[in-house]
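Dropping work.txt in here (compact mmCIF, C-alpha atoms):
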```
# COMPACT_ATOMS: atom_id res chain seq x y z
CA MET A 1 -21.95 6.49 -9.83
CA SER A 2 -25.25 7.49 -11.36
CA ARG A 3 -26.58 4.00 -11.99
CA ALA A 4 -28.54 2.20 -9.31
CA LEU A 5 -26.94 -0.81 -7.67
CA PRO A 6 -28.44 -4.25 -8.25
CA LYS A 7 -30.37 -5.65 -5.32
CA TYR A 8 -27.71 -8.26 -4.67
CA ASN A 9 -25.04 -5.62 -4.41
CA LYS A 10 -27.15 -3.57 -2.02
CA ARG A 11 -27.58 -6.54 0.28
CA ARG A 12 -23.87 -7.22 0.16
CA VAL A 13 -23.01 -3.58 0.80
CA ALA A 14 -25.24 -3.67 3.86
CA ILE A 15 -23.51 -6.80 5.14
CA ILE A 16 -20.05 -5.42 4.48
CA GLY A 17 -21.01 -2.06 5.95
CA GLY A 18 -21.96 -3.82 9.18
CA ALA A 19 -18.72 -5.79 9.28
CA ALA A 20 -16.82 -2.60 8.51
CA ALA A 21 -17.76 -0.91 11.77
CA VAL A 22 -14.52 0.10 13.45
CA ALA A 23 -14.47 -0.53 17.19
CA LEU A 24 -12.64 2.67 18.06
CA THR A 25 -13.85 5.62 20.16
CA GLY A 26 -14.03 8.87 18.24
CA ALA A 27 -14.58 7.30 14.80
CA ILE A 28 -16.07 9.80 12.39
CA VAL A 29 -18.25 9.00 9.40
CA ALA A 30 -17.11 11.16 6.46
CA GLY A 31 -18.57 11.05 2.94
CA SER A 32 -18.78 7.43 1.86
CA ALA A 33 -16.33 6.32 4.55
CA LEU A 34 -17.05 3.23 6.60
CA ALA A 35 -19.08 3.68 9.76
CA GLY A 36 -17.51 3.34 13.21
CA GLU A 37 -18.75 2.30 16.60
CA THR A 38 -17.50 3.16 20.07
CA SER A 39 -15.48 0.80 22.21
CA LYS A 40 -17.29 -0.87 25.11
CA SER A 41 -14.08 -1.49 27.07
CA GLY A 42 -12.91 0.36 30.20
CA THR A 43 -12.14 4.05 30.62
CA ALA A 44 -8.38 3.69 30.17
CA THR A 45 -8.79 1.79 26.91
CA ALA A 46 -11.34 4.29 25.65
CA ARG A 47 -8.88 7.12 26.34
CA THR A 48 -6.12 5.32 24.42
CA LEU A 49 -8.38 4.71 21.43
CA ALA A 50 -9.60 8.31 21.47
CA ASP A 51 -5.98 9.51 21.37
CA ALA A 52 -5.27 7.21 18.41
CA GLY A 53 -8.34 8.25 16.43
CA SER A 54 -9.49 5.94 13.66
CA ILE A 55 -8.99 5.36 9.97
CA THR A 56 -11.90 5.61 7.57
CA CYS A 57 -11.86 4.72 3.88
CA PRO A 58 -14.24 5.26 0.95
CA ASP A 59 -16.63 2.36 0.40
CA VAL A 60 -15.72 0.40 -2.72
CA ALA A 61 -18.65 -2.02 -2.88
CA SER A 62 -21.21 0.75 -3.40
CA GLN A 63 -19.24 2.13 -6.37
CA LEU A 64 -19.11 -1.10 -8.35
CA PRO A 65 -21.23 -1.78 -11.42
CA GLU A 66 -23.23 -4.97 -11.74
CA ILE A 67 -20.89 -7.85 -11.04
CA PRO A 68 -20.86 -10.81 -13.48
CA ALA A 69 -21.62 -14.14 -11.82
CA THR A 70 -18.24 -15.46 -12.95
CA ALA A 71 -16.47 -12.67 -11.04
CA GLN A 72 -18.64 -12.60 -7.92
CA ALA A 73 -16.51 -14.89 -5.74
CA GLU A 74 -13.26 -13.09 -6.56
CA VAL A 75 -14.84 -9.68 -6.02
CA ASP A 76 -16.26 -10.78 -2.67
CA ARG A 77 -12.86 -12.07 -1.54
CA ASN A 78 -11.21 -8.77 -2.36
CA LEU A 79 -13.97 -6.71 -0.72
CA THR A 80 -13.41 -8.76 2.42
CA LEU A 81 -9.68 -8.15 2.08
CA LEU A 82 -10.26 -4.40 1.93
CA GLN A 83 -11.99 -4.56 5.30
CA THR A 84 -9.23 -6.73 6.74
CA GLN A 85 -6.69 -4.14 5.63
CA ILE A 86 -8.61 -1.37 7.42
CA ASP A 87 -8.91 -3.46 10.59
CA GLU A 88 -5.18 -4.15 10.58
CA ALA A 89 -4.37 -0.48 9.99
CA ASN A 90 -6.63 0.61 12.86
CA LYS A 91 -4.99 -1.95 15.15
CA ARG A 92 -1.56 -0.67 14.21
CA LEU A 93 -2.78 2.88 14.80
CA VAL A 94 -3.62 1.98 18.41
CA ASP A 95 -0.49 -0.13 18.95
CA THR A 96 1.84 2.69 17.82
CA VAL A 97 0.30 5.70 19.62
CA GLY A 98 3.06 8.18 20.41
CA GLN A 99 5.66 6.62 18.12
CA GLY A 100 7.63 8.42 15.44
CA GLY A 101 7.38 12.03 14.29
CA PRO A 102 4.47 14.03 12.86
CA ASN A 103 4.52 12.06 9.60
CA PHE A 104 4.64 8.60 11.19
CA VAL A 105 0.96 7.77 10.68
CA GLN A 106 1.05 8.86 7.03
CA ASN A 107 4.31 7.07 6.23
CA ALA A 108 3.90 3.89 8.27
CA ILE A 109 0.12 3.35 8.23
CA LEU A 110 -1.94 5.44 5.78
CA GLY A 111 0.58 5.21 2.92
CA PRO A 112 0.99 1.43 3.06
CA LEU A 113 -2.77 1.02 3.46
CA GLU A 114 -3.39 3.07 0.31
CA ASP A 115 -0.91 0.95 -1.65
CA LYS A 116 -2.61 -2.25 -0.51
CA ARG A 117 -6.04 -0.87 -1.40
CA ILE A 118 -4.85 0.16 -4.88
CA ALA A 119 -3.66 -3.38 -5.58
CA THR A 120 -6.91 -4.84 -4.23
CA VAL A 121 -9.31 -2.55 -6.12
CA ASN A 122 -7.28 -3.20 -9.27
CA ARG A 123 -7.88 -6.93 -8.81
CA ILE A 124 -11.59 -6.24 -8.41
CA ALA A 125 -11.66 -4.18 -11.61
CA THR A 126 -9.70 -6.86 -13.47
CA ALA A 127 -12.06 -9.62 -12.30
CA ILE A 128 -15.10 -7.69 -13.53
CA GLY A 129 -13.35 -6.69 -16.75
CA ARG A 130 -12.82 -10.29 -17.83
CA THR A 131 -16.48 -10.70 -18.81
CA ALA A 132 -17.91 -7.14 -18.67
CA ASP A 133 -16.83 -3.53 -19.00
CA LYS A 134 -13.90 -2.94 -16.67
CA PRO A 135 -14.80 -0.25 -14.12
CA GLN A 136 -12.55 2.80 -14.29
CA GLY A 137 -11.38 5.21 -11.61
CA LEU A 138 -11.57 2.86 -8.63
CA ASP A 139 -8.05 3.94 -7.62
CA ALA A 140 -9.61 7.20 -6.43
CA LEU A 141 -11.19 5.20 -3.59
CA ALA A 142 -7.83 3.96 -2.28
CA PRO A 143 -6.72 6.87 -0.02
CA CYS A 144 -7.99 6.77 3.56
CA ALA A 145 -8.10 9.42 6.28
CA LEU A 146 -7.27 9.64 9.96
CA ASN A 147 -10.16 10.98 12.01
CA GLY A 148 -10.74 11.76 15.66
CA GLY A 149 -8.02 12.34 18.24
CA GLY A 150 -5.28 11.02 15.98
CA ALA A 151 -5.85 13.73 13.37
CA ALA A 152 -5.76 16.45 16.01
CA GLY A 153 -2.64 14.97 17.57
CA ALA A 154 -0.88 14.84 14.23
CA GLY A 155 -1.71 18.49 13.62
CA GLU A 156 -0.39 19.48 17.01
CA GLU A 157 2.87 17.60 16.43
CA ALA A 158 3.32 19.20 13.02
CA GLY A 159 2.72 22.66 14.47
CA ALA A 160 5.17 22.03 17.29
CA GLU A 161 7.85 20.91 14.86
CA ALA A 162 7.29 23.97 12.68
CA GLY A 163 7.52 26.29 15.71
CA ALA A 164 10.41 27.37 17.86
CA GLY A 165 9.99 24.38 20.19
CA ALA A 166 10.65 21.74 17.54
CA GLU A 167 13.69 20.28 19.27
CA ALA A 168 11.81 19.89 22.55
CA GLU A 169 9.01 17.97 20.78
CA ALA A 170 11.30 15.63 18.84
CA THR A 171 11.62 12.00 19.79
CA PRO A 172 15.02 10.84 21.14
CA SER A 173 15.96 9.34 17.79
CA GLU A 174 15.00 12.50 15.92
CA ALA A 175 16.86 14.69 18.42
CA ALA A 176 19.97 12.56 17.97
CA SER A 177 19.67 12.86 14.20
CA GLU A 178 19.33 16.65 14.39
CA ALA A 179 22.22 16.90 16.84
CA ALA A 180 24.40 15.11 14.31
CA GLY A 181 23.47 17.75 11.72
CA GLY A 182 21.21 15.46 9.71
CA ALA A 183 17.94 17.40 9.65
CA GLU A 184 15.26 15.63 7.62
CA ASP A 185 14.45 16.62 4.02
CA THR A 186 17.09 19.36 3.75
CA GLY A 187 18.33 17.88 0.50
CA ASN A 188 21.95 18.53 1.58
CA ALA A 189 24.24 15.89 0.07
CA GLU A 190 27.56 17.53 0.88
CA GLY A 191 30.16 16.85 3.59
CA ALA A 192 31.56 13.79 5.30
CA GLY A 193 28.68 13.70 7.79
CA ASP A 194 26.10 13.24 5.06
CA ALA A 195 28.25 10.63 3.34
CA GLY A 196 28.41 8.75 6.63
CA GLU A 197 24.64 8.88 6.99
CA ALA A 198 24.14 7.53 3.48
CA ALA A 199 26.54 4.69 4.18
CA GLY A 200 24.80 3.94 7.47
CA ALA A 201 21.43 3.79 5.75
CA GLY A 202 22.46 0.87 3.55
CA ALA A 203 20.65 0.26 0.27
CA ILE A 204 17.51 -1.49 -0.93
CA SER A 205 17.81 -4.19 -3.57
CA CYS A 206 14.94 -5.84 -5.42
CA PRO A 207 14.60 -8.89 -7.68
CA ASP A 208 14.90 -8.11 -11.38
CA VAL A 209 11.51 -8.40 -13.07
CA ALA A 210 12.46 -7.85 -16.71
CA SER A 211 14.65 -10.95 -16.82
CA GLN A 212 11.79 -13.12 -15.54
CA LEU A 213 9.27 -12.13 -18.20
CA PRO A 214 8.30 -14.36 -21.11
CA ALA A 215 8.26 -13.11 -24.69
CA ILE A 216 6.31 -9.84 -24.67
CA PRO A 217 3.65 -9.37 -27.38
CA ALA A 218 4.18 -6.27 -29.50
CA THR A 219 0.81 -4.92 -28.41
CA ALA A 220 1.93 -5.03 -24.77
CA GLN A 221 5.50 -3.82 -25.16
CA ALA A 222 4.88 -0.13 -24.50
CA GLU A 223 2.82 -0.77 -21.38
CA VAL A 224 5.33 -3.30 -20.05
CA ASP A 225 8.20 -0.85 -20.65
CA ARG A 226 6.33 1.91 -18.78
CA ASN A 227 5.78 -0.33 -15.78
CA LEU A 228 9.36 -1.61 -15.77
CA ALA A 229 10.51 2.02 -15.70
CA LEU A 230 8.07 2.64 -12.85
CA LEU A 231 9.66 -0.21 -10.88
CA ASP A 232 13.02 1.54 -11.21
CA THR A 233 11.49 4.84 -10.08
CA GLN A 234 9.89 3.19 -7.05
CA LEU A 235 13.22 1.66 -6.02
CA ALA A 236 15.07 4.97 -6.44
CA GLU A 237 12.46 6.80 -4.34
CA ALA A 238 12.67 4.15 -1.61
CA ASN A 239 16.46 4.40 -1.48
CA LYS A 240 16.24 8.20 -1.23
CA ARG A 241 13.75 7.93 1.60
CA LEU A 242 16.03 5.41 3.31
CA VAL A 243 18.80 8.01 3.41
CA ASP A 244 16.49 10.92 4.32
CA THR A 245 15.05 9.10 7.36
CA VAL A 246 18.22 7.67 8.92
CA GLY A 247 17.75 7.45 12.69
CA GLN A 248 13.98 7.91 12.66
CA GLY A 249 11.39 5.64 14.21
CA GLY A 250 11.82 2.34 16.03
CA PRO A 251 13.46 -0.92 15.00
CA ASN A 252 10.68 -1.72 12.53
CA PHE A 253 10.56 1.71 10.88
CA VAL A 254 12.34 0.70 7.66
CA GLN A 255 10.13 -2.35 7.20
CA ASN A 256 6.88 -0.55 7.99
CA ALA A 257 7.52 2.81 6.34
CA ILE A 258 9.76 1.90 3.39
CA LEU A 259 10.09 -1.81 2.50
CA GLY A 260 6.43 -2.66 3.12
CA PRO A 261 5.01 0.19 1.00
CA LEU A 262 7.61 -0.53 -1.70
CA ALA A 263 6.53 -4.19 -1.88
CA ASP A 264 2.89 -3.13 -2.21
CA LYS A 265 3.70 -0.69 -5.03
CA ARG A 266 5.82 -3.27 -6.83
CA ASN A 267 3.12 -5.91 -6.47
CA SER A 268 0.58 -3.60 -8.10
CA THR A 269 2.99 -2.66 -10.90
CA ILE A 270 4.02 -6.25 -11.56
CA ASP A 271 0.36 -7.25 -11.65
CA ARG A 272 -0.23 -4.65 -14.38
CA ILE A 273 2.68 -6.09 -16.36
CA ALA A 274 1.23 -9.60 -16.15
CA ILE A 275 -2.24 -8.36 -17.12
CA SER A 276 -0.94 -6.46 -20.15
CA ILE A 277 0.90 -9.56 -21.42
CA GLY A 278 -2.10 -11.75 -20.67
CA ARG A 279 -4.39 -9.78 -22.97
CA THR A 280 -2.85 -11.31 -26.09
CA ALA A 281 -0.66 -14.14 -24.76
CA GLU A 282 -0.49 -16.50 -21.83
CA LYS A 283 -0.47 -14.50 -18.62
CA PRO A 284 2.76 -15.06 -16.66
CA GLN A 285 2.25 -16.57 -13.21
CA GLY A 286 4.16 -16.16 -9.97
CA LEU A 287 5.59 -12.71 -10.66
CA GLY A 288 4.22 -11.53 -7.32
CA SER A 289 7.12 -13.32 -5.63
CA LEU A 290 9.42 -10.65 -7.12
CA ALA A 291 7.73 -7.81 -5.24
CA ALA A 292 9.53 -8.05 -1.91
CA CYS A 293 12.83 -6.19 -1.56
CA THR A 294 15.60 -6.38 1.03
CA LEU A 295 17.80 -3.94 2.91
CA THR A 296 21.54 -4.49 2.57
CA GLN A 297 24.28 -2.70 4.48
```
Conversion result in C-alpha cells:
Amino acid sequence: MSRALPKYNKRRVAIIGGAAAVALTGAIVAGSALAGETSKSGTATARTLADAGSITCPDVASQLPEIPATAQAEVDRNLTLLQTQIDEANKRLVDTVGQGGPNFVQNAILGPLEDKRIATVNRIATAIGRTADKPQGLDALAPCALNGGGAAGAGEEAGAEAGAGAEAEATPSEAASEAAGGAEDTGNAEGAGDAGEAAGAGAISCPDVASQLPAIPATAQAEVDRNLALLDTQLAEANKRLVDTVGQGGPNFVQNAILGPLADKRNSTIDRIAISIGRTAEKPQGLGSLAACTLTQ
C-alpha cells in the first residue's frame, strides 16, 4: 500500500516478524514473505528439514491500514493466528516428508493453509470495517509458497510422473490404483470398474445451512443466495475429488486433503452469509458449527 504505516503498526510488525521466523533449514525470504532462520539441531535433523523445505506467506500486518482502537485486540488475535497456521503447516511439512504424490503438499498443506488464511484475513478486514473503511484485497495475501528443498523435490516428482518412469516413481497406493485402471484425473466415468471406485469412495455430506438461517433482509438476499450456491459448489467439488483420488495417500488423506479444506471454505462462506445479514439485522450466531462435513460410505 502507498500509505505509511502508523508507528504502532510498525512496532507490531517488527514483533510479529520476529515471531514469524521459521526454524527450518533452507527457508527463503521472497517478496514480503516471512523471514526464516536455520535449525540449530543435529546434522540428521538439518538434512530432513532441508528436504522438506519451508512455507513462506505474504505478511498481512504490513498491508493493513490504521487500525481503530476498538478493533485492535481482535486484529492482533487474528495476526497471531496467521502465524500459528504457518507454524502448523511447516510442522506438517516436515512430518509428512515423502508421503503422497507430486501434488500432496499442495492438496494437503498449502491448499488448506490458504483456506484458513482467507477466513482469518476476512475476519481482520471485518473487524476494521466495523468502525473504519474496510480494507479490500487482503485475500490476495492468502496463498503461500513452498521454498527450499521441498519445492525442488516436488518438481522432480512431477517430472518423474510426467516421464516414462511414472509407474516406478508412484507410491504403493498410487501404483495399486493405476494397476486397477483408475488413473487419476482421466475424467473417465464409464465401466463397472469406475462405478466400483465411486462406490468405494463414499460420499461427503454437510449440514444444511439455509434451513438454519433467520429471516433474511431483502438487502442481503442476493448475497446470501450467492453464498448458499457456493456452498453447494464446494460440496460438489469435494465429492468429485473424493472419487478422483480413491486409493491415494495415507489413512488421513481424506481428512487432510478434502474434508479439512472443505470445512475451511465453508466456514469462510458461512461467515460471509452471517455478515451480510448482520448489516441490516441481527447477525446470526453459531453458524460456524455447520462448517464441518462427514464422509459416509
Find the residues near A:Ile124: any atom within 10 Å, counting all atoms listed in the file, skip ones fewer than 5 places away on the same chain, and give them as a PDB file with C-alpha atoms, in the coordinates of the input.
```
ATOM      1  CA  VAL A  60     -15.720   0.400  -2.720  1.00  0.00           C
ATOM      2  CA  ALA A  61     -18.650  -2.020  -2.880  1.00  0.00           C
ATOM      3  CA  LEU A  64     -19.110  -1.100  -8.350  1.00  0.00           C
ATOM      4  CA  ILE A  67     -20.890  -7.850 -11.040  1.00  0.00           C
ATOM      5  CA  ALA A  71     -16.470 -12.670 -11.040  1.00  0.00           C
ATOM      6  CA  GLN A  72     -18.640 -12.600  -7.920  1.00  0.00           C
ATOM      7  CA  GLU A  74     -13.260 -13.090  -6.560  1.00  0.00           C
ATOM      8  CA  VAL A  75     -14.840  -9.680  -6.020  1.00  0.00           C
ATOM      9  CA  ASP A  76     -16.260 -10.780  -2.670  1.00  0.00           C
ATOM     10  CA  ARG A  77     -12.860 -12.070  -1.540  1.00  0.00           C
ATOM     11  CA  ASN A  78     -11.210  -8.770  -2.360  1.00  0.00           C
ATOM     12  CA  LEU A  79     -13.970  -6.710  -0.720  1.00  0.00           C
ATOM     13  CA  ILE A 118      -4.850   0.160  -4.880  1.00  0.00           C
ATOM     14  CA  ALA A 119      -3.660  -3.380  -5.580  1.00  0.00           C
ATOM     15  CA  GLY A 129     -13.350  -6.690 -16.750  1.00  0.00           C
ATOM     16  CA  LYS A 134     -13.900  -2.940 -16.670  1.00  0.00           C
ATOM     17  CA  PRO A 135     -14.800  -0.250 -14.120  1.00  0.00           C
ATOM     18  CA  LEU A 138     -11.570   2.860  -8.630  1.00  0.00           C
TER      19      LEU A 138
END
```
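Remark: for A:Leu242, the closest of the candidate residues A:Ile275, A:Ala203, A:Ala142, A:Pro58 is A:Ala203 (distances computed over only C-alpha atoms).
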Discussion item. I'd like to know which of A:Thr269, A:Thr294, A:Ser289, A:Thr56 is closest to A:Leu228, using all atoms listed in the file.
Written reply: A:Thr269
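Counting all atoms listed in the file and comparing A:Asp271, A:Asp232, A:Asp244, A:Glu282, the residue that lies closest to A:Pro207 is A:Asp232.
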Worksheet item: Nearest to A:Pro102 among A:Gly148, A:Pro68, A:Gly202, A:Gly249, with distances taken over only C-alpha atoms: which residue is it?
Response: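 Among A:Gly148, A:Pro68, A:Gly202, A:Gly249, it is A:Gly249 that comes nearest to A:Pro102.
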Worksheet item: To one decimal place, how far is atom CA of A:Gln285 from atom CA of A:Leu82 in Å?
Response: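 Straight-line distance from atom CA of A:Gln285 to atom CA of A:Leu82 works out to 23.1 Å.
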Worksheet, complete the sentence: Here atom CA of A:Ile270 and atom CA of A:Ile258 stand apart by 18.0 Å
